[in-house]
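Right, one structure below, let's go through it.
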Amino acid sequence: MRVGFIGLGLMGYNMACRLSEVGFKLIVYNRTRSKVTKFVDECGGEAVNSPMEVGETSDVVHIMVADNEAVGSVLLKPKGLLSSGKKFRIVVQSTITPQFSLVMKSSVEASGRSYAEAPVLGSVSESREGKLLTYVAGDKEDAELPSIKALSKKIYYVGEVPKASAIKLAINNVFLTSLAGLTESVALALGWGVSKENILSYLRDTWLKTLVERYEGRGFNGEFPTRFPMRLAAKDLSYVSSALSKVRLPAALASSAADLFSQAANSGFSNNDYSNILLFFKELVASRKV
Ligand SMILES: NC(=O)c1ccc[n+]([C@@H]2O[C@H](COP(=O)([O-])OP(=O)(O)OC[C@H]3O[C@@H](n4cnc5c(N)ncnc54)[C@H](OP(=O)(O)O)[C@@H]3O)[C@@H](O)[C@H]2O)c1
C-alpha cells in the first residue's frame with residue numbers, strides 16, 4: 001500500500017517517519033520545502049511538490065496540517081489533493097471543527113473519494129513510537145487501515161463523520177480548561193503574595209495532585225521542548241467554542257480559556273509549549289505595577 005502524507009510539522013513529521021520506519025512506501029508533501037528535504041534525508045520516502053502529486057501515486061492519503069484553513073487549502077486549492085485525477089482514501093488527522101469536517105467530507109465525496117477523520121491523542125514521542133490514541137469516524141474499514149494501525153496504540157471506531165472531531169475537541173477541552181483553571185489559581189495565589197512552591201504544594205496534597213505533577217515542571221520552564229504549541233491550544237479552544245455554539249450550547253468556559261491561551265500566544269509564547277501558560281501568568285504577576 002502506498003501512503004501519502006501531507007503536513008510535516010511537529011506531529012506529521014514524526015507520524016510519517018514512523019510509517020516509513022515500519023516499511024510503508026511514503027509520498028510526502030509539506031508547504032515549506034525545507035522540512036520535506038530534511039524528512040527524506042532522515043526518514044526516506046519520496047518528496048513531491050504539491051498535494052495533487054501526492055494523490056497521483058497514493059492509495060491512502062493522511063493529512064496532518066494545522067487547522068481548518070490548512071486542511072481546506074491542501075484539499076481544495078489549485079494543485080490541491082482533489083485536483084488529482086486518481087482515486088484514493090483521504091484520512092484527516094488534524095484537529096478541526098466538526099462543522100468544517102462535514103463540509104470537507106461533502107467536497108471529498110463529491111469528487112468520488114472516501115473521507116475519514118482520524119484525530120489523535122498523544123504528541124511527538126507517541127507519534128514516533130506508534131503509540132497514539134486514534135479516534136476514527138467514517139467507514140468501519142477505515143479503522144482497519146494498516147497505516148492507522150501502525151500509528152496507534154489503540155484505535156476507537158466512533159461512527160460517522162464528524163463524531164471523531166467532536167470527541168477530540170471534547171477531550172482537549174477538559175485538558176486545556178483544567179490547565180487554564182490551574183493557571184488562574186496559581187496566579188491568584190501569587191498575586192496575593194503566596195509563593196509558587198507553597199501554592200503548588202497545597203494543591204499537590206489534594207486530588208489535584210495529578211494535574212499539578214503533570215504541569216509544575218514543564219509549565220514554568222521556558223526552555224521545555226515544545227510538544228504542543230500555545231497557538232494550537234488557543235486554536236483548539238476556539239474550535240471547542242465554535243463547535244458548541246454551532247449546536248446552540250453555551251461556550252463560556254472554552255471561550256474564556258481560548259482568550260487566555262491567545263493572549264499568551266500573542267505575547268511571544270506562540271511556539272512555546274502550551275504548558276508555558278503557567279510561565280506567562282507568572283511573568284504577568286511579576287510585571288504588575290502595584
Ligand atoms: N502537537 C501536538 O501535540 C498535537 C497532538 C494532537 C493533535 N495535534 C493536532 O495535529 C495537527 C498538527 O499539529 P502540529 O503540532 O504538527 O502542528 P505544527 O507543528 O504547527 O505543523 C503544522 C503543519 O501544518 C502545515 N500548514 C499550516 N498551515 C498550512 C496551510 N495554510 N497550507 C498548508 N499547510 C499548512 C505546516 O506547514 P509549514 O511547515 O509550511 O508551516 C505544518 O506542516 C493540528 O491540528 C494539531 O491541533 C497536535
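Quick note on naming: the chains in the C-alpha cells go A, B, ... in the order shown, residues restart at 1 in each chain, and ligands are numbered from 1 in order of appearance.
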Practice item. Tell me which protein, DNA and RNA residues are within 12 Å of Pro51 of chain A, counting only C-alpha atoms, leaving out same-chain ones fewer than 5 positions away, and put them as JSON, numbers by chain. Key: {"A": [4, 5, 6, 7, 27, 28, 29, 30, 31, 56, 57, 58, 61, 62, 63, 65, 70, 71, 72, 73, 74, 75, 76, 77, 78, 79, 80, 81, 82, 83, 84, 90]}
Would you tabulate, counting only C-alpha atoms and all ligand atoms, all residues of chain A that have an atom at most 6 Å from an atom of ligand 1, showing the closest pair of atoms and their distance in Å to one decimal, sorted by chain then ascending number, as JSON lines?
{"residue": "A:Gly7", "atom": "CA", "partner": "ligand 1", "partner_atom_place_in_ligand_line": "43 (O)", "distance": 3.6}
{"residue": "A:Leu8", "atom": "CA", "partner": "ligand 1", "partner_atom_place_in_ligand_line": "43 (O)", "distance": 4.2}
{"residue": "A:Gly9", "atom": "CA", "partner": "ligand 1", "partner_atom_place_in_ligand_line": "21 (O)", "distance": 3.3}
{"residue": "A:Leu10", "atom": "CA", "partner": "ligand 1", "partner_atom_place_in_ligand_line": "16 (O)", "distance": 3.8}
{"residue": "A:Met11", "atom": "CA", "partner": "ligand 1", "partner_atom_place_in_ligand_line": "16 (O)", "distance": 3.6}
{"residue": "A:Gly12", "atom": "CA", "partner": "ligand 1", "partner_atom_place_in_ligand_line": "16 (O)", "distance": 5.2}
{"residue": "A:Asn30", "atom": "CA", "partner": "ligand 1", "partner_atom_place_in_ligand_line": "43 (O)", "distance": 5.5}
{"residue": "A:Arg31", "atom": "CA", "partner": "ligand 1", "partner_atom_place_in_ligand_line": "40 (O)", "distance": 3.9}
{"residue": "A:Thr32", "atom": "CA", "partner": "ligand 1", "partner_atom_place_in_ligand_line": "40 (O)", "distance": 3.7}
{"residue": "A:Met64", "atom": "CA", "partner": "ligand 1", "partner_atom_place_in_ligand_line": "12 (C)", "distance": 5.2}
{"residue": "A:Val65", "atom": "CA", "partner": "ligand 1", "partner_atom_place_in_ligand_line": "24 (O)", "distance": 3.3}
{"residue": "A:Ala66", "atom": "CA", "partner": "ligand 1", "partner_atom_place_in_ligand_line": "24 (O)", "distance": 4.0}
{"residue": "A:Asp67", "atom": "CA", "partner": "ligand 1", "partner_atom_place_in_ligand_line": "45 (O)", "distance": 4.9}
{"residue": "A:Glu69", "atom": "CA", "partner": "ligand 1", "partner_atom_place_in_ligand_line": "31 (N)", "distance": 5.8}
{"residue": "A:Ala70", "atom": "CA", "partner": "ligand 1", "partner_atom_place_in_ligand_line": "30 (C)", "distance": 3.7}
{"residue": "A:Ser73", "atom": "CA", "partner": "ligand 1", "partner_atom_place_in_ligand_line": "32 (N)", "distance": 5.4}
{"residue": "A:Val74", "atom": "CA", "partner": "ligand 1", "partner_atom_place_in_ligand_line": "33 (C)", "distance": 5.7}
{"residue": "A:Ser94", "atom": "CA", "partner": "ligand 1", "partner_atom_place_in_ligand_line": "45 (O)", "distance": 3.7}
{"residue": "A:Thr95", "atom": "CA", "partner": "ligand 1", "partner_atom_place_in_ligand_line": "45 (O)", "distance": 3.9}
{"residue": "A:Val120", "atom": "CA", "partner": "ligand 1", "partner_atom_place_in_ligand_line": "6 (C)", "distance": 5.3}
{"residue": "A:Leu121", "atom": "CA", "partner": "ligand 1", "partner_atom_place_in_ligand_line": "6 (C)", "distance": 5.1}
{"residue": "A:Gly122", "atom": "CA", "partner": "ligand 1", "partner_atom_place_in_ligand_line": "5 (C)", "distance": 5.4}
{"residue": "A:Ser123", "atom": "CA", "partner": "ligand 1", "partner_atom_place_in_ligand_line": "3 (O)", "distance": 3.7}
{"residue": "A:Val124", "atom": "CA", "partner": "ligand 1", "partner_atom_place_in_ligand_line": "3 (O)", "distance": 5.9}
{"residue": "A:Arg227", "atom": "CA", "partner": "ligand 1", "partner_atom_place_in_ligand_line": "3 (O)", "distance": 4.9}
{"residue": "A:Phe228", "atom": "CA", "partner": "ligand 1", "partner_atom_place_in_ligand_line": "1 (N)", "distance": 3.7}
{"residue": "A:Leu232", "atom": "CA", "partner": "ligand 1", "partner_atom_place_in_ligand_line": "47 (O)", "distance": 5.4}
Review point. Between A:Arg288, A:Pro98, A:Asp59, A:Glu213, which is the closest to Trp192 of chain A once you count only C-alpha atoms?
Key: A:Arg288
Check your understanding: So how far away is atom CA of Pro119 of chain A from atom CA of Ala137 of chain A, in Å?
Key ->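 The value is 9.1 Å.
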Review point. Which neighbours of Leu176 of chain A fall inside 10 Å, counting only C-alpha atoms, when residues of the same chain fewer than 4 positions from it are skipped, and could you give them as a PyMOL selection string?
Key: chain A and resi 171-172+180-182+233-234+236-237+254+257-258+261+274-275
I need the residues from that last selection saved to file as a PDB file, in the first residue's frame (with N, CA, C and O atoms), if you can.
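The result, stored in again-v8.pdb:
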ATOM      1  N   ILE A 171     -12.241  16.091  24.397  1.00  0.00           N
ATOM      2  CA  ILE A 171     -11.151  15.653  25.281  1.00  0.00           C
ATOM      3  C   ILE A 171     -10.156  16.800  25.510  1.00  0.00           C
ATOM      4  O   ILE A 171      -9.779  17.101  26.644  1.00  0.00           O
ATOM      5  N   ASN A 172      -9.760  17.457  24.424  1.00  0.00           N
ATOM      6  CA  ASN A 172      -8.805  18.568  24.597  1.00  0.00           C
ATOM      7  C   ASN A 172      -9.387  19.681  25.456  1.00  0.00           C
ATOM      8  O   ASN A 172      -8.661  20.349  26.194  1.00  0.00           O
ATOM      9  N   ALA A 180      -6.049  25.783  32.329  1.00  0.00           N
ATOM     10  CA  ALA A 180      -6.393  27.207  32.484  1.00  0.00           C
ATOM     11  C   ALA A 180      -6.829  27.486  33.917  1.00  0.00           C
ATOM     12  O   ALA A 180      -6.444  28.498  34.518  1.00  0.00           O
ATOM     13  N   GLY A 181      -7.598  26.572  34.504  1.00  0.00           N
ATOM     14  CA  GLY A 181      -8.049  26.739  35.893  1.00  0.00           C
ATOM     15  C   GLY A 181      -6.874  26.714  36.851  1.00  0.00           C
ATOM     16  O   GLY A 181      -6.767  27.550  37.762  1.00  0.00           O
ATOM     17  N   LEU A 182      -5.960  25.769  36.636  1.00  0.00           N
ATOM     18  CA  LEU A 182      -4.768  25.687  37.486  1.00  0.00           C
ATOM     19  C   LEU A 182      -3.966  26.988  37.382  1.00  0.00           C
ATOM     20  O   LEU A 182      -3.526  27.563  38.388  1.00  0.00           O
ATOM     21  N   ALA A 233      -3.104  25.308  21.020  1.00  0.00           N
ATOM     22  CA  ALA A 233      -4.018  25.171  22.168  1.00  0.00           C
ATOM     23  C   ALA A 233      -5.107  26.240  22.067  1.00  0.00           C
ATOM     24  O   ALA A 233      -6.300  25.957  22.276  1.00  0.00           O
ATOM     25  N   ALA A 234      -4.705  27.470  21.711  1.00  0.00           N
ATOM     26  CA  ALA A 234      -5.696  28.555  21.536  1.00  0.00           C
ATOM     27  C   ALA A 234      -6.662  28.205  20.413  1.00  0.00           C
ATOM     28  O   ALA A 234      -7.881  28.391  20.529  1.00  0.00           O
ATOM     29  N   ASP A 236      -7.510  25.155  19.354  1.00  0.00           N
ATOM     30  CA  ASP A 236      -8.423  24.079  19.763  1.00  0.00           C
ATOM     31  C   ASP A 236      -9.551  24.621  20.631  1.00  0.00           C
ATOM     32  O   ASP A 236     -10.713  24.240  20.472  1.00  0.00           O
ATOM     33  N   LEU A 237      -9.203  25.514  21.567  1.00  0.00           N
ATOM     34  CA  LEU A 237     -10.253  26.052  22.448  1.00  0.00           C
ATOM     35  C   LEU A 237     -11.227  26.925  21.652  1.00  0.00           C
ATOM     36  O   LEU A 237     -12.434  26.913  21.921  1.00  0.00           O
ATOM     37  N   ALA A 254     -14.970  27.531  27.500  1.00  0.00           N
ATOM     38  CA  ALA A 254     -13.993  27.334  26.414  1.00  0.00           C
ATOM     39  C   ALA A 254     -13.580  28.661  25.807  1.00  0.00           C
ATOM     40  O   ALA A 254     -12.399  28.879  25.494  1.00  0.00           O
ATOM     41  N   ALA A 257     -11.152  30.403  28.178  1.00  0.00           N
ATOM     42  CA  ALA A 257      -9.839  29.735  28.143  1.00  0.00           C
ATOM     43  C   ALA A 257      -9.139  30.025  26.812  1.00  0.00           C
ATOM     44  O   ALA A 257      -7.917  30.238  26.775  1.00  0.00           O
ATOM     45  N   ALA A 258      -9.900  30.072  25.714  1.00  0.00           N
ATOM     46  CA  ALA A 258      -9.301  30.414  24.405  1.00  0.00           C
ATOM     47  C   ALA A 258      -8.660  31.796  24.486  1.00  0.00           C
ATOM     48  O   ALA A 258      -7.559  32.015  23.967  1.00  0.00           O
ATOM     49  N   PHE A 261      -5.233  31.535  26.366  1.00  0.00           N
ATOM     50  CA  PHE A 261      -4.157  30.943  25.549  1.00  0.00           C
ATOM     51  C   PHE A 261      -3.791  31.864  24.375  1.00  0.00           C
ATOM     52  O   PHE A 261      -2.620  31.960  23.995  1.00  0.00           O
ATOM     53  N   TYR A 274       2.369  24.583  25.207  1.00  0.00           N
ATOM     54  CA  TYR A 274       1.130  25.164  25.778  1.00  0.00           C
ATOM     55  C   TYR A 274       1.182  25.247  27.302  1.00  0.00           C
ATOM     56  O   TYR A 274       0.553  26.112  27.913  1.00  0.00           O
ATOM     57  N   SER A 275       1.966  24.337  27.914  1.00  0.00           N
ATOM     58  CA  SER A 275       2.054  24.336  29.379  1.00  0.00           C
ATOM     59  C   SER A 275       2.661  25.632  29.904  1.00  0.00           C
ATOM     60  O   SER A 275       2.458  26.002  31.067  1.00  0.00           O
TER      61      SER A 275
END
Exercise for review: Excluding Ser242 of chain A and residues on its chain fewer than 6 positions from it, collect all residues at most 9 Å away from it, counting only C-alpha atoms, and give them as a list in words.
Suggested key: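 Near neighbours after the sequence-gap exclusion: Thr97, Ala251 and Ser255 of chain A.
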Practice item. Assign secondary structure with DSSP using the backbone only, and return the residues of segment 108-152 of chain A in strand (DSSP E or B) as number ranges by chain. Key: A: 114-117, 120-121, 132-137, 152
Could you write out that same residue set with N, CA, C and O atoms as a PDB file, in the first residue's frame?
ATOM      1  N   SER A 114     -13.323   8.570  -0.777  1.00  0.00           N
ATOM      2  CA  SER A 114     -13.886   8.382   0.567  1.00  0.00           C
ATOM      3  C   SER A 114     -13.111   9.229   1.581  1.00  0.00           C
ATOM      4  O   SER A 114     -11.908   9.471   1.434  1.00  0.00           O
ATOM      5  N   TYR A 115     -13.854   9.677   2.602  1.00  0.00           N
ATOM      6  CA  TYR A 115     -13.308  10.617   3.582  1.00  0.00           C
ATOM      7  C   TYR A 115     -13.459  10.022   4.973  1.00  0.00           C
ATOM      8  O   TYR A 115     -14.527   9.549   5.349  1.00  0.00           O
ATOM      9  N   ALA A 116     -12.375  10.044   5.734  1.00  0.00           N
ATOM     10  CA  ALA A 116     -12.456   9.619   7.143  1.00  0.00           C
ATOM     11  C   ALA A 116     -11.751  10.643   8.009  1.00  0.00           C
ATOM     12  O   ALA A 116     -10.849  11.356   7.555  1.00  0.00           O
ATOM     13  N   GLU A 117     -12.190  10.709   9.270  1.00  0.00           N
ATOM     14  CA  GLU A 117     -11.486  11.511  10.272  1.00  0.00           C
ATOM     15  C   GLU A 117     -10.703  10.537  11.150  1.00  0.00           C
ATOM     16  O   GLU A 117     -11.232   9.482  11.511  1.00  0.00           O
ATOM     17  N   VAL A 120      -6.009  12.453  16.695  1.00  0.00           N
ATOM     18  CA  VAL A 120      -5.228  11.639  17.642  1.00  0.00           C
ATOM     19  C   VAL A 120      -5.010  12.345  18.964  1.00  0.00           C
ATOM     20  O   VAL A 120      -5.005  13.567  19.046  1.00  0.00           O
ATOM     21  N   LEU A 121      -4.785  11.515  19.971  1.00  0.00           N
ATOM     22  CA  LEU A 121      -4.360  11.999  21.291  1.00  0.00           C
ATOM     23  C   LEU A 121      -2.967  11.433  21.519  1.00  0.00           C
ATOM     24  O   LEU A 121      -2.715  10.274  21.197  1.00  0.00           O
ATOM     25  N   LEU A 132      -0.121   6.397  19.487  1.00  0.00           N
ATOM     26  CA  LEU A 132      -1.201   7.382  19.598  1.00  0.00           C
ATOM     27  C   LEU A 132      -2.523   6.692  19.928  1.00  0.00           C
ATOM     28  O   LEU A 132      -2.712   5.505  19.627  1.00  0.00           O
ATOM     29  N   LEU A 133      -3.426   7.457  20.542  1.00  0.00           N
ATOM     30  CA  LEU A 133      -4.824   7.014  20.652  1.00  0.00           C
ATOM     31  C   LEU A 133      -5.540   7.668  19.474  1.00  0.00           C
ATOM     32  O   LEU A 133      -5.482   8.893  19.313  1.00  0.00           O
ATOM     33  N   THR A 134      -6.207   6.859  18.659  1.00  0.00           N
ATOM     34  CA  THR A 134      -6.774   7.383  17.413  1.00  0.00           C
ATOM     35  C   THR A 134      -8.281   7.158  17.376  1.00  0.00           C
ATOM     36  O   THR A 134      -8.751   6.037  17.614  1.00  0.00           O
ATOM     37  N   TYR A 135      -9.018   8.216  17.085  1.00  0.00           N
ATOM     38  CA  TYR A 135     -10.490   8.179  17.028  1.00  0.00           C
ATOM     39  C   TYR A 135     -10.871   8.223  15.556  1.00  0.00           C
ATOM     40  O   TYR A 135     -10.610   9.229  14.888  1.00  0.00           O
ATOM     41  N   VAL A 136     -11.476   7.141  15.061  1.00  0.00           N
ATOM     42  CA  VAL A 136     -11.773   7.076  13.628  1.00  0.00           C
ATOM     43  C   VAL A 136     -13.275   7.203  13.392  1.00  0.00           C
ATOM     44  O   VAL A 136     -14.082   6.482  13.993  1.00  0.00           O
ATOM     45  N   ALA A 137     -13.636   8.127  12.488  1.00  0.00           N
ATOM     46  CA  ALA A 137     -15.033   8.233  12.039  1.00  0.00           C
ATOM     47  C   ALA A 137     -15.048   8.124  10.523  1.00  0.00           C
ATOM     48  O   ALA A 137     -14.182   8.688   9.843  1.00  0.00           O
ATOM     49  N   SER A 152      -0.911   3.722  15.927  1.00  0.00           N
ATOM     50  CA  SER A 152      -1.769   3.791  17.112  1.00  0.00           C
ATOM     51  C   SER A 152      -1.494   2.706  18.138  1.00  0.00           C
ATOM     52  O   SER A 152      -1.260   1.538  17.798  1.00  0.00           O
TER      53      SER A 152
END
Practice item. Write out as a VMD selection string each polymer residue whose atoms come within 10 Å of Leu190 of chain A, counting only C-alpha atoms; drop sequence neighbours fewer than 3 positions from it. Key: chain A and resid 184 to 187 193 to 199 281 to 282 285 to 286
Serialized selection, C-alpha atoms, as a compact mmCIF listing (two decimals), in the first residue's frame:
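Saved result, out_1.txt, follows:
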# COMPACT_ATOMS: atom_id res chain seq x y z
CA GLU A 184 -5.61 31.20 37.13
CA SER A 185 -5.50 29.72 40.63
CA VAL A 186 -1.71 29.87 40.80
CA ALA A 187 -1.89 33.49 39.57
CA GLY A 193 1.90 37.04 47.93
CA VAL A 194 1.74 33.24 48.33
CA SER A 195 4.90 31.62 46.94
CA LYS A 196 4.70 29.39 43.90
CA GLU A 197 6.20 26.49 45.85
CA ASN A 198 3.59 26.81 48.59
CA ILE A 199 0.51 27.02 46.39
CA PHE A 281 0.92 34.19 34.07
CA LYS A 282 3.84 34.06 36.50
CA VAL A 285 2.05 38.70 38.07
CA ALA A 286 5.70 39.81 38.37
Review point. If you measure from atom CA of Asp259 of chain A to atom CA of Ser125 of chain A, what distance in Å do you get, rounded to one decimal?
Key: 28.4 Å
Exercise for review: Would you mind listing what lies within 10 Å of Gly45 of chain A as a count of residues only, with only C-alpha atoms counted and same-chain residues fewer than 4 positions away left out?
Suggested key: 17
Exercise for review: Using only C-alpha atoms, pick whichever of A:Arg231, A:Arg218, A:Lys87, A:Arg248 has the shortest atom-to-atom distance to Gln263 of chain A.
Suggested key: A:Arg231
Point to revise | Picked from segment 41-282 of chain A by DSSP as helix (DSSP H, G or I), as a PyMOL selection string | key: chain A and resi 41-43+51-56+68-76+81-83+98-110+124-129+140-144+146-151+163-191+196-204+209-219+230-246+252-269+274-282
Check your understanding: Quick one: distance from atom CA of Lys209 of chain A to atom CA of Asn271 of chain A in Å, one decimal?
Key -> 27.2 Å
Exercise for review: Check the smallest atom-to-atom distance from each of A:Val103, A:Ser201, A:Val161, A:Val91 to Asn68 of chain A using only C-alpha atoms, then report the winner.
Suggested key: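 For Asn68 of chain A, the nearest of the candidates is A:Val103.
Minimum distance to Glu126 of chain A across A:Lys38, A:Phe224, A:Lys153, A:Ala243 (counting only C-alpha atoms) occurs at A:Lys153.
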Review point. Which of these residues is nearest to Ser245 of chain A, using only C-alpha atoms: A:Gln99, A:Thr226, A:Gly112, A:Trp207?
Key: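 Looking only at the distances to Ser245 of chain A, the closest residue turns out to be A:Gln99.
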